[in-house]
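As provided, target_34.csv (CSV, C-alpha atoms and all ligand atoms) reads as follows.
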```csv
chain,number,residue,atom,x,y,z
C,250,MET,CA,0.0,0.0,0.0
C,251,PRO,CA,1.4,3.5,-0.8
C,252,ASP,CA,2.3,6.0,2.0
C,253,GLN,CA,-0.1,8.5,0.6
C,254,PRO,CA,-3.6,7.5,-0.5
C,255,ASP,CA,-4.4,8.6,-4.1
C,256,TYR,CA,-7.9,7.2,-4.6
C,257,ALA,CA,-9.8,9.2,-7.2
C,258,THR,CA,-13.2,8.7,-5.6
C,259,LEU,CA,-14.7,7.7,-2.3
C,260,GLU,CA,-16.0,4.5,-3.9
C,261,GLU,CA,-12.5,3.6,-5.0
C,262,ALA,CA,-11.3,4.1,-1.4
C,263,ALA,CA,-14.2,2.0,-0.1
C,264,GLU,CA,-13.3,-0.8,-2.4
C,265,ALA,CA,-9.7,-0.7,-1.4
C,266,ALA,CA,-10.7,-0.7,2.3
C,267,GLN,CA,-12.4,-4.1,1.7
C,268,HIS,CA,-8.9,-5.6,1.3
C,269,CYS,CA,-7.3,-3.8,4.2
C,270,THR,CA,-4.6,-5.7,6.2
C,271,ARG,CA,-3.2,-2.7,8.0
C,272,CYS,CA,-3.8,-4.5,11.4
C,273,ASP,CA,-4.8,-8.0,12.3
C,274,LEU,CA,-8.5,-7.3,12.8
C,275,TYR,CA,-9.3,-8.3,9.3
C,276,CYS,CA,-8.4,-11.9,10.1
C,277,HIS,CA,-11.6,-12.6,12.1
C,278,ALA,CA,-14.1,-10.0,11.0
C,279,THR,CA,-16.6,-10.7,8.3
C,280,GLN,CA,-15.8,-7.6,6.3
C,281,THR,CA,-14.7,-4.0,6.4
C,282,VAL,CA,-17.5,-1.7,7.4
C,283,TRP,CA,-17.1,1.5,5.5
C,284,GLY,CA,-19.0,4.7,6.2
C,285,GLU,CA,-22.3,5.5,4.6
C,286,GLY,CA,-24.6,8.4,4.0
C,287,SER,CA,-24.3,11.6,2.0
C,288,PRO,CA,-20.9,12.3,0.4
C,289,ASP,CA,-21.9,16.0,0.7
C,290,ALA,CA,-22.7,15.7,4.4
C,291,ARG,CA,-22.0,18.8,6.5
C,292,LEU,CA,-21.9,16.5,9.6
C,293,MET,CA,-19.9,13.3,10.0
C,294,ILE,CA,-20.6,11.0,12.9
C,295,VAL,CA,-17.8,8.7,14.0
C,296,GLY,CA,-18.4,5.7,16.3
C,297,GLU,CA,-15.9,3.2,17.7
C,298,GLN,CA,-16.1,0.1,15.5
C,299,PRO,CA,-18.7,-2.1,13.9
C,300,GLY,CA,-20.6,-4.4,16.3
C,301,ASP,CA,-21.8,-7.9,15.6
C,302,GLN,CA,-24.8,-6.8,13.4
C,303,GLU,CA,-22.7,-4.2,11.6
C,304,ASP,CA,-20.0,-6.8,10.9
C,305,LEU,CA,-22.6,-9.2,9.4
C,306,GLN,CA,-24.5,-6.5,7.4
C,307,GLY,CA,-21.5,-4.4,6.3
C,308,ARG,CA,-23.2,-1.2,7.5
C,309,PRO,CA,-22.4,1.1,10.4
C,310,PHE,CA,-24.8,1.6,13.3
C,311,VAL,CA,-27.5,-1.0,12.4
C,312,GLY,CA,-27.5,-2.9,15.7
C,313,PRO,CA,-28.7,-2.0,19.2
C,314,ALA,CA,-26.4,1.0,19.6
C,315,GLY,CA,-27.5,2.2,16.2
C,316,ASP,CA,-31.2,2.1,17.3
C,317,ILE,CA,-30.4,4.4,20.2
C,318,LEU,CA,-28.5,6.7,17.9
C,319,ALA,CA,-31.2,6.6,15.3
C,320,GLU,CA,-33.9,7.6,17.8
C,321,ALA,CA,-31.8,10.6,19.1
C,322,MET,CA,-30.9,11.7,15.5
C,323,GLU,CA,-34.6,11.7,14.6
C,324,ARG,CA,-35.5,13.8,17.6
C,325,ALA,CA,-32.6,16.2,16.8
C,326,GLY,CA,-33.9,16.5,13.2
C,327,LEU,CA,-30.8,14.9,11.6
C,328,PRO,CA,-31.8,12.5,8.9
C,329,ARG,CA,-29.4,9.6,8.5
C,330,GLU,CA,-29.2,10.1,4.7
C,331,LYS,CA,-27.9,13.6,5.1
C,332,VAL,CA,-25.0,12.7,7.5
C,333,TRP,CA,-21.9,10.6,6.9
C,334,MET,CA,-21.8,7.8,9.5
C,335,THR,CA,-18.6,5.8,10.0
C,336,ASN,CA,-16.3,4.4,12.7
C,337,ALA,CA,-12.8,5.0,13.9
C,338,VAL,CA,-12.0,1.3,13.4
C,339,LYS,CA,-13.6,-0.5,10.4
C,340,HIS,CA,-13.3,-4.1,11.5
C,341,PHE,CA,-15.2,-5.8,14.4
C,342,LYS,CA,-13.0,-6.8,17.2
C,343,PHE,CA,-14.4,-9.6,19.4
C,344,THR,CA,-13.8,-12.7,21.4
C,345,VAL,CA,-16.0,-15.8,21.1
C,346,LYS,CA,-17.8,-17.0,24.2
C,347,THR,CA,-19.4,-20.4,24.5
C,348,THR,CA,-22.8,-20.1,26.1
C,349,ALA,CA,-24.2,-22.6,28.7
C,350,ARG,CA,-26.2,-24.3,25.9
C,351,GLY,CA,-23.1,-24.7,23.8
C,352,GLY,CA,-23.9,-21.9,21.4
C,353,LYS,CA,-21.4,-19.2,20.4
C,354,ARG,CA,-21.6,-15.5,21.1
C,355,ARG,CA,-19.3,-12.8,19.7
C,356,LEU,CA,-18.4,-10.3,22.4
C,357,HIS,CA,-17.2,-6.8,21.6
C,358,GLN,CA,-13.6,-6.0,22.6
C,359,ASN,CA,-12.2,-2.5,22.7
C,360,PRO,CA,-9.8,-1.7,19.9
C,361,ASP,CA,-6.3,-0.9,21.1
C,362,ARG,CA,-4.3,2.2,20.2
C,363,PRO,CA,-2.2,0.6,17.4
C,364,GLU,CA,-5.4,-0.7,15.8
C,365,ILE,CA,-7.0,2.8,16.0
C,366,ASP,CA,-3.9,4.4,14.6
C,367,ALA,CA,-3.7,1.9,11.7
C,368,CYS,CA,-7.3,2.6,10.8
C,369,HIS,CA,-6.8,6.3,11.0
C,370,TRP,CA,-5.6,6.0,7.4
C,371,TRP,CA,-9.1,5.3,6.3
C,372,LEU,CA,-10.8,7.8,8.6
C,373,GLY,CA,-8.5,10.5,7.1
C,374,ILE,CA,-9.5,9.5,3.6
C,375,GLU,CA,-13.2,9.8,4.5
C,376,GLN,CA,-12.5,13.2,6.1
C,377,ARG,CA,-10.8,14.4,2.9
C,378,PHE,CA,-13.5,13.3,0.6
C,379,ILE,CA,-16.5,14.4,2.8
C,380,GLN,CA,-15.0,17.6,4.1
C,381,PRO,CA,-17.6,17.9,6.8
C,382,LYS,CA,-18.2,21.2,8.6
C,383,LEU,CA,-18.4,19.4,11.9
C,384,THR,CA,-17.5,15.9,13.1
C,385,LEU,CA,-19.3,14.3,16.0
C,386,ALA,CA,-17.1,11.9,17.9
C,387,LEU,CA,-19.1,9.2,19.8
C,388,GLY,CA,-17.1,7.8,22.7
C,389,GLY,CA,-13.5,7.7,23.7
C,390,THR,CA,-12.1,5.7,20.7
C,391,ALA,CA,-13.6,8.2,18.2
C,392,ALA,CA,-12.4,11.1,20.3
C,393,TYR,CA,-8.9,9.8,20.4
C,394,ALA,CA,-8.9,9.0,16.6
C,395,LEU,CA,-10.2,12.5,15.7
C,396,THR,CA,-8.3,14.7,18.2
C,397,GLY,CA,-5.2,12.6,19.1
C,398,ARG,CA,-6.0,13.4,22.8
C,399,LYS,CA,-6.1,10.4,25.2
C,400,GLU,CA,-8.1,11.9,28.0
C,401,GLY,CA,-11.5,10.3,28.5
C,402,ILE,CA,-14.6,12.2,27.4
C,403,THR,CA,-16.4,12.7,30.7
C,404,LYS,CA,-15.2,16.3,31.0
C,405,ARG,CA,-15.0,16.9,27.3
C,406,ARG,CA,-18.4,16.0,26.1
C,407,GLY,CA,-20.8,18.6,24.8
C,408,LYS,CA,-17.8,20.8,23.6
C,409,VAL,CA,-16.2,21.5,20.3
C,410,GLU,CA,-12.5,20.9,19.9
C,411,GLU,CA,-10.5,22.4,17.0
C,412,THR,CA,-8.1,20.0,15.3
C,413,GLU,CA,-5.9,20.2,12.2
C,414,THR,CA,-8.6,18.4,10.3
C,415,GLY,CA,-11.6,20.4,11.5
C,416,SER,CA,-14.0,20.9,14.4
C,417,VAL,CA,-14.9,17.9,16.5
C,418,LEU,CA,-17.8,17.8,19.0
C,419,LEU,CA,-17.6,15.1,21.6
C,420,SER,CA,-20.4,13.0,23.0
C,421,TRP,CA,-21.2,9.6,24.6
C,422,HIS,CA,-21.1,6.5,22.6
C,423,PRO,CA,-24.7,5.1,22.4
C,424,SER,CA,-23.5,1.7,23.7
C,425,TYR,CA,-22.5,3.5,26.9
C,426,ILE,CA,-26.2,4.2,27.4
C,427,LEU,CA,-27.0,0.5,27.0
C,428,ARG,CA,-24.3,-0.5,29.4
C,429,VAL,CA,-24.8,2.0,32.3
C,430,PRO,CA,-26.2,-0.2,35.1
C,431,ASN,CA,-28.1,2.7,36.8
C,432,ARG,CA,-31.3,3.9,35.1
C,433,GLY,CA,-30.9,7.5,36.2
C,434,ALA,CA,-27.4,7.7,34.7
C,435,ALA,CA,-28.6,6.1,31.5
C,436,ASP,CA,-31.4,8.6,31.2
C,437,ARG,CA,-29.0,11.5,31.8
C,438,ALA,CA,-26.5,10.2,29.2
C,439,ARG,CA,-29.4,9.7,26.7
C,440,ALA,CA,-30.5,13.3,27.2
C,441,GLN,CA,-26.9,14.6,26.9
C,442,LEU,CA,-26.5,12.6,23.6
C,443,LEU,CA,-29.7,14.3,22.4
C,444,ASP,CA,-28.4,17.7,23.4
C,445,ASP,CA,-25.1,17.1,21.6
C,446,LEU,CA,-27.0,16.0,18.4
C,447,LYS,CA,-29.2,19.1,18.6
C,448,LEU,CA,-26.0,21.2,19.0
C,449,ALA,CA,-24.5,19.5,16.0
C,450,ALA,CA,-27.6,20.1,13.9
C,451,GLU,CA,-27.4,23.8,14.8
C,452,LEU,CA,-23.7,24.1,14.0
C,453,VAL,CA,-24.1,22.6,10.6
C,454,ALA,CA,-27.4,24.4,9.7
C,501,LIG,N1,-20.9,0.9,17.6
C,501,LIG,C1,-20.1,1.7,16.8
C,501,LIG,O1,-19.3,2.4,17.3
C,501,LIG,N2,-20.3,1.7,15.6
C,501,LIG,C2,-21.2,1.0,15.0
C,501,LIG,O2,-21.3,1.0,13.8
C,501,LIG,C3,-22.1,0.1,15.8
C,501,LIG,C4,-21.9,0.1,17.1
```
In structure tokens, how does this file's structure come out?
Amino acid sequence: MPDQPDYATLEEAAEAAQHCTRCDLYCHATQTVWGEGSPDARLMIVGEQPGDQEDLQGRPFVGPAGDILAEAMERAGLPREKVWMTNAVKHFKFTVKTTARGGKRRLHQNPDRPEIDACHWWLGIEQRFIQPKLTLALGGTAAYALTGRKEGITKRRGKVEETETGSVLLSWHPSYILRVPNRGAADRARAQLLDDLKLAAELVA
């Protein structure tokens, strides 16, 4: 692979990404999950990595976390087809767990820094083609991939950070809302995600 990408179109880059071996995640994932939406989008939304459903369907945010995001986007007046939705890491990272009944479940694992850095190649290509006015980073992995800063997002969410490649607004990852054990905290995080999406809609209007 060359040091500098020279794809003529986003579609060409998407096709090349299907053959990516920049880190080892391709060995077990079903496919590369490239971004989707409008190539003219003013807003790009970046998650962590595809989950089980995304890996099988080859589309970002189509599983349970995607449902939470879709509901908040609808309430914020952000139609999916007008946004570019993608992930910091484009292959599903998981471990396989055998269930009590002998079935198999694929359990999400967090990508590590070298994997995020390796996949930054593709995120940078998406940014260059889409040229969004604003990028919304969902969760710590996307925040790190887009800003290079390693601090968690608890104190950073709801704010816009300026980077060499543009403005980045930080928010919770929708999976966090699914994982929080306490109902009150989950409701608060859901409301904050909605606030951040509304702010994003305002900033790109
Ligand atoms: N979580 C993500 O970060 N991205 C997806 O596409 C799905 C779940």
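Take the candidates C:Gly351, C:Gly397, C:Gly433, C:Pro313 and check each one against ligand LIG 501 (chain C) using only C-alpha atoms and all ligand atoms; the shortest distance goes to C:Pro313.
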Neighbourhood of ligand LIG 501 (chain C) at 7 Å, counting all atoms listed in the file, reported as a ChimeraX atom specification: /C:296-300,303,308-312,314-315,335-336,422,424
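Residue nearest Gly307 in chain C, chosen from C:Ile379, C:Ile374, C:Ala386, C:Ala263 and counting all atoms listed in the file: C:Ala263.
One distance worth recording is that between CA of Ala319 in chain C and CA of Ala337 in chain C, which is 18.5 Å.
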Local residues around (-27.5, 13.4, 26.0), at most 12 Å away, using only C-alpha atoms, as a ChimeraX atom specification: /C:317-318,320-322,324-325,387,406-407,419-423,425-426,434-448
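Distances from C:Ala262, C:Leu305, C:Ala290, C:Leu274 to Gly373 in chain C were compared using only C-alpha atoms, and the smallest one belongs to C:Ala262.
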With 7 Å as the threshold, what does the neighbourhood of (-12.5, 2.2, 21.9) contain in terms of residues, counting all atoms listed in the file? Coordinates are those of the file; answer as a PDB file with C-alpha atoms, keeping the file's coordinate frame.
```
ATOM      1  CA  GLU C 297     -15.900   3.200  17.700  1.00  0.00           C
ATOM      2  CA  ASN C 359     -12.200  -2.500  22.700  1.00  0.00           C
ATOM      3  CA  PRO C 360      -9.800  -1.700  19.900  1.00  0.00           C
ATOM      4  CA  ASP C 361      -6.300  -0.900  21.100  1.00  0.00           C
ATOM      5  CA  GLY C 389     -13.500   7.700  23.700  1.00  0.00           C
ATOM      6  CA  THR C 390     -12.100   5.700  20.700  1.00  0.00           C
TER       7      THR C 390
END
```
